[in-house]
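Contents: one structure, followed by commentary.
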Amino acid sequence: MKKIFTPLFSFTLLFLSLSFITNDIYGKSDFSYKKVKEFIPKGYQMYDTASGDFNGDGYTDFLLVLKSNNENPNSNGERPLLLLAGGAKGKLELVARNDHVVLCASCGGVFGDPYQKVSIKGEFFSVEHSVGGNWQWSRTITFKYNSETKEIVLHEDVTKSYQAYAQHKQKSIASNKTDFGNLPFESYSYDKGFDR
């Protein structure tokens, strides 16, 4: 029987796999760090990114989570979240920025950095946090793009907590539009709360 996994064949598979992974991470192959670099303020670096089409115009949009160049596990500094809207010929435009959506590196206390990821699903985008230990909690903050008003507003802010040995006694606090009204993305702050 002839071997099909020759070095050339294996290299081709690896190259194709990496291409698909890159496209999955950045949405389209036209992503370039050079294009987003201009939006990163001095003293910060890119910490995480997600892509999708939150405004439904057919172009790839990006979320950029930034962190200070001096951040360490004990830092309580801000982590800006930037919304970049895509346009024709790969053009990007800064739509909004909020420094109070992504929790800080030390916000998880003894359990460490609570930040998990950002994601875009249709007109919604979310920032997810969680920490583990004997006492576990998670917090997912979701915003929605309104195609009629062109506004980005808070959709919901959900916190769940439970002890590891008693997951069936989970406490969940969900704030939604009835709690905060029509709160713009730029006005949201994770530490203000809504009668939590």
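FYI, nothing fancy with the structure tokens labels: chains A, B, ... in order, residues from 1 per chain, ligands from 1 as they appear.
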
- Item | alpha helix (DSSP H) positions in region 20-145 of chain A, given as a ChimeraX atom specification | /A:20-26,33-37

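DSSP secondary structure from the backbone places Tyr44, Gln45, Met46, Tyr47, Asp48, Thr49, Ala50, Ser51, Gly52, Asp61, Phe62, Leu63, Leu64, Val65, Leu66, Lys67, Ser68, Arg79, Pro80, Leu81, Leu82, Leu83, Leu84, Ala85 and Gly86 of chain A of region 42-90 of chain A in strand (DSSP E).
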
File of the preceding selection, C-alpha atoms, as a PDB file, in the first residue's frame:
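Result file is again_16.pdb:
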```pdb
ATOM      1  CA  TYR A  44      -1.190  50.175  24.669  1.00  0.00           C
ATOM      2  CA  GLN A  45      -1.031  46.935  22.726  1.00  0.00           C
ATOM      3  CA  MET A  46      -3.588  44.584  21.226  1.00  0.00           C
ATOM      4  CA  TYR A  47      -4.723  41.989  23.792  1.00  0.00           C
ATOM      5  CA  ASP A  48      -7.517  40.223  21.902  1.00  0.00           C
ATOM      6  CA  THR A  49      -9.657  40.609  18.800  1.00  0.00           C
ATOM      7  CA  ALA A  50     -12.829  39.262  17.222  1.00  0.00           C
ATOM      8  CA  SER A  51     -14.395  39.779  13.831  1.00  0.00           C
ATOM      9  CA  GLY A  52     -17.869  39.686  12.351  1.00  0.00           C
ATOM     10  CA  ASP A  61     -15.929  44.628  11.501  1.00  0.00           C
ATOM     11  CA  PHE A  62     -13.502  44.149  14.390  1.00  0.00           C
ATOM     12  CA  LEU A  63     -13.491  44.352  18.164  1.00  0.00           C
ATOM     13  CA  LEU A  64     -10.100  45.173  19.647  1.00  0.00           C
ATOM     14  CA  VAL A  65      -9.349  44.663  23.327  1.00  0.00           C
ATOM     15  CA  LEU A  66      -6.295  46.642  24.379  1.00  0.00           C
ATOM     16  CA  LYS A  67      -4.097  46.498  27.431  1.00  0.00           C
ATOM     17  CA  SER A  68      -1.397  48.747  28.805  1.00  0.00           C
ATOM     18  CA  ARG A  79      -8.562  47.799  29.043  1.00  0.00           C
ATOM     19  CA  PRO A  80     -10.084  49.795  26.190  1.00  0.00           C
ATOM     20  CA  LEU A  81     -12.536  48.084  23.848  1.00  0.00           C
ATOM     21  CA  LEU A  82     -12.551  49.528  20.325  1.00  0.00           C
ATOM     22  CA  LEU A  83     -15.216  48.928  17.671  1.00  0.00           C
ATOM     23  CA  LEU A  84     -13.885  49.195  14.144  1.00  0.00           C
ATOM     24  CA  ALA A  85     -16.337  49.138  11.237  1.00  0.00           C
ATOM     25  CA  GLY A  86     -15.115  47.724   7.949  1.00  0.00           C
TER      26      GLY A  86
END
```

- Message: Residues within 12 Å of Lys192 (chain A), please, as an MDAnalysis selection string. Count only C-alpha atoms; anything in the same chain fewer than 5 positions from it doesn't count.
- Response: chainID A and resid 100:101 157 180 187

- Task: Mind giving me the straight-line distance from CA of Thr142 (chain A) to CA of Pro41 (chain A) in Å, one decimal?
- Result: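 The value is 24.5 Å.
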
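Taking CA of Gly108 (chain A) as the reference point, CA of Ser172 (chain A) is found at 17.6 Å.
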